[in-house]
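The structure under discussion appears below in the form of structure tokens.
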Amino acid sequence: MPAFSHRISQALTQRDEQGLTRKLLAHQGVHQGKLLHHGQAYVHFSGNDYLGLASSAELVQAWQQGLTLWGAGSGASPMVTGFSSIHQELIRELCDWLGYEDGVLFNSGFSANQATLFALLEATDTLVQDKLNHASLMEAGMLSQATMKRFKHNDVAHLDRLLSDNLCNPLVVTEGVFSMDGDKAPLQSIATVCQNKAWWMVDDAHGIGVHGDMGAGSCALAGVKPDILVVTFGKAFGLSGAAVLTRRDVADYLAQFARHHVYSTAMPPAQAHALLHATHMIQTQQWRRDRLATLQQVYHDTFHRLPGYVATDTPIKPFLIGESECALRLATRLRERGYWLTAIRPPTVPQGMARLRITLTADHSPQDIVGLGRALEQLLEEGV
């Protein structure tokens, strides 16, 4: 209909005029820190494969073994015949590792977050979120029946004031590590504020596998246990999907009432087999986290004098530029020099806060990081 055509055309034109158009770029594969595009290999600084598992031959073999044992797909939703013993074993392993009674598997972190909030929240409830939570959480809050309030980013005093305002059935939600700024939530303080006042939930997509003893994540590092923990498999696990870990009755409730779970085809059992192996790799291969720690020190030594440097103790290293056009130009020029980075622009980040989002993985070498730093320093001196 004309109304839809006009609306679509207008939105695309406006986005293009604002310099915010995004394009899908089809590459030919990512392997050991390198991205192949049009026959050229680039040092890849734009992914979330923090431990380098995505291209690990050991994990690839585990998935191939899973395909042999379980076939290609699950064939049905979990409540029909899509849930197999390997799914159950994966949940049991996650619970034993992270200290929960039960869990529910989802096909993405986005669906896990939305399914949980949609299923739990009713009109009489209050959702209290960190202002910089992921879009999946914010959108779920806006679309849910609950009243949503936001506290200033990592501002525990503001959260405390909100919770002291006699909120009805409050659920507090934060991330363990924030994906654009690479900073960590003050989880110990949040746990103290929420005690006897609110349920709380942590999405640890960018912390699990990287932080804590045996890679148990941000909450383990902080010594806290939220009521609900979302573990995403698309980052340090090197695969995809997610799990929501919680009490047994809450997991049963989500399995019954979370529509993303009830009405979606279950994760392929071969994938669950590979995820189970990834879980073991994360717990036993400490060298991957040790290598990341070394690379983070190299990054600090190389970049800390450059304008735009932001210190973080996570593999996410935002390099602030300011204007979107400048960030795009820098990303393009760095690509010409063999470094693949992504310019992050509004609406993902606030106006005037465009940046290069640099992420480190265990597949990088110190030389990769030093080379990127020198190239970026030269471009900044040239006024690009």
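Letters A, B, ... go to the chains of the structure tokens in the order shown; residues in each chain start at 1; ligands are counted from 1 in the same order.
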
* Report the residues of stretch 286-347 of chain A whose backbone DSSP state falls under strand (DSSP E or B), written as a ChimeraX atom specification. => /A:309,316-322,339-340,342-344

Store the residues picked out above in a file with N, CA, C and O atoms, as a PDB file, in the first residue's frame.
```pdb
ATOM      1  N   TYR A 309      41.141   7.408  24.018  1.00  0.00           N
ATOM      2  CA  TYR A 309      41.351   6.175  24.782  1.00  0.00           C
ATOM      3  C   TYR A 309      40.450   6.147  26.020  1.00  0.00           C
ATOM      4  O   TYR A 309      40.296   7.143  26.730  1.00  0.00           O
ATOM      5  N   ILE A 316      36.400  -5.293  25.805  1.00  0.00           N
ATOM      6  CA  ILE A 316      35.726  -4.262  25.013  1.00  0.00           C
ATOM      7  C   ILE A 316      36.423  -2.935  25.250  1.00  0.00           C
ATOM      8  O   ILE A 316      36.473  -2.434  26.377  1.00  0.00           O
ATOM      9  N   LYS A 317      36.968  -2.341  24.182  1.00  0.00           N
ATOM     10  CA  LYS A 317      37.769  -1.122  24.278  1.00  0.00           C
ATOM     11  C   LYS A 317      37.168  -0.029  23.391  1.00  0.00           C
ATOM     12  O   LYS A 317      37.511   0.095  22.215  1.00  0.00           O
ATOM     13  N   PRO A 318      36.260   0.780  23.931  1.00  0.00           N
ATOM     14  CA  PRO A 318      35.717   1.874  23.126  1.00  0.00           C
ATOM     15  C   PRO A 318      36.772   2.949  22.903  1.00  0.00           C
ATOM     16  O   PRO A 318      37.470   3.358  23.840  1.00  0.00           O
ATOM     17  N   PHE A 319      36.915   3.376  21.663  1.00  0.00           N
ATOM     18  CA  PHE A 319      37.821   4.479  21.348  1.00  0.00           C
ATOM     19  C   PHE A 319      36.957   5.632  20.845  1.00  0.00           C
ATOM     20  O   PHE A 319      36.430   5.596  19.735  1.00  0.00           O
ATOM     21  N   LEU A 320      36.777   6.634  21.687  1.00  0.00           N
ATOM     22  CA  LEU A 320      35.804   7.695  21.422  1.00  0.00           C
ATOM     23  C   LEU A 320      36.304   8.642  20.340  1.00  0.00           C
ATOM     24  O   LEU A 320      37.438   9.135  20.386  1.00  0.00           O
ATOM     25  N   ILE A 321      35.421   8.925  19.384  1.00  0.00           N
ATOM     26  CA  ILE A 321      35.724   9.841  18.283  1.00  0.00           C
ATOM     27  C   ILE A 321      34.863  11.100  18.364  1.00  0.00           C
ATOM     28  O   ILE A 321      35.345  12.211  18.237  1.00  0.00           O
ATOM     29  N   GLY A 322      33.575  10.923  18.591  1.00  0.00           N
ATOM     30  CA  GLY A 322      32.657  12.058  18.696  1.00  0.00           C
ATOM     31  C   GLY A 322      31.656  12.080  17.572  1.00  0.00           C
ATOM     32  O   GLY A 322      30.520  11.632  17.718  1.00  0.00           O
ATOM     33  N   TYR A 339      43.015  -3.358   8.915  1.00  0.00           N
ATOM     34  CA  TYR A 339      42.382  -3.554  10.223  1.00  0.00           C
ATOM     35  C   TYR A 339      40.872  -3.357  10.099  1.00  0.00           C
ATOM     36  O   TYR A 339      40.414  -2.308   9.663  1.00  0.00           O
ATOM     37  N   TRP A 340      40.129  -4.361  10.503  1.00  0.00           N
ATOM     38  CA  TRP A 340      38.674  -4.323  10.375  1.00  0.00           C
ATOM     39  C   TRP A 340      38.058  -3.892  11.707  1.00  0.00           C
ATOM     40  O   TRP A 340      38.085  -4.621  12.683  1.00  0.00           O
ATOM     41  N   THR A 342      34.582  -1.513  13.433  1.00  0.00           N
ATOM     42  CA  THR A 342      33.241  -1.000  13.181  1.00  0.00           C
ATOM     43  C   THR A 342      33.066   0.339  13.873  1.00  0.00           C
ATOM     44  O   THR A 342      33.403   0.492  15.051  1.00  0.00           O
ATOM     45  N   ALA A 343      32.545   1.299  13.128  1.00  0.00           N
ATOM     46  CA  ALA A 343      32.182   2.594  13.710  1.00  0.00           C
ATOM     47  C   ALA A 343      30.797   2.470  14.334  1.00  0.00           C
ATOM     48  O   ALA A 343      29.826   2.135  13.642  1.00  0.00           O
ATOM     49  N   ILE A 344      30.706   2.726  15.617  1.00  0.00           N
ATOM     50  CA  ILE A 344      29.429   2.651  16.325  1.00  0.00           C
ATOM     51  C   ILE A 344      28.866   4.069  16.424  1.00  0.00           C
ATOM     52  O   ILE A 344      29.526   4.971  16.943  1.00  0.00           O
TER      53      ILE A 344
END
```

* To do: For A:Lys149, list every protein, DNA or RNA residue within 8 Å, evaluated using only C-alpha atoms, and leave out those in the same chain fewer than 3 positions away; present the list as a PyMOL selection string.
  => chain A and resi 126-129

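Among the candidates A:Arg357, A:Val244, A:Asp363, A:Tyr253, the residue lying nearest to A:Tyr100 is A:Val244 (atoms considered: only C-alpha atoms).
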
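By chain and then residue number, the residues within 8 Å of A:Asn154 are Asp130, Ala185 and Pro186 of chain A, counting only C-alpha atoms and disregarding those fewer than 6 positions away in sequence.
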
* Asked: Neighbours of A:Ser55 within 9 Å (only C-alpha atoms; same-chain residues fewer than 5 positions away dropped), as a ChimeraX atom specification?
  -> /A:30-33,49,60,238

Selected residues, N, CA and C atoms, written as a CSV table (one decimal), in the first residue's frame, please.
```csv
chain,number,residue,atom,x,y,z
A,30,VAL,N,35.8,-15.9,9.2
A,30,VAL,CA,36.7,-15.4,10.2
A,30,VAL,C,37.4,-16.5,10.8
A,31,HIS,N,38.7,-16.4,10.9
A,31,HIS,CA,39.5,-17.5,11.4
A,31,HIS,C,40.7,-17.0,12.2
A,32,GLN,N,40.8,-17.3,13.4
A,32,GLN,CA,42.0,-17.0,14.3
A,32,GLN,C,42.3,-15.5,14.2
A,33,GLY,N,41.3,-14.7,14.4
A,33,GLY,CA,41.5,-13.2,14.5
A,33,GLY,C,41.6,-12.5,13.1
A,49,ASP,N,34.0,-12.7,19.9
A,49,ASP,CA,34.6,-14.1,20.2
A,49,ASP,C,35.8,-13.9,21.1
A,60,VAL,N,34.9,-27.0,16.6
A,60,VAL,CA,34.3,-27.4,15.3
A,60,VAL,C,34.1,-28.9,15.3
A,238,GLY,N,31.5,-18.8,21.6
A,238,GLY,CA,31.9,-19.0,20.2
A,238,GLY,C,30.8,-19.6,19.4
```

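Computed from the coordinates, the atom CA of A:Leu380 to atom CA of A:Gly308 distance equals 10.2 Å.
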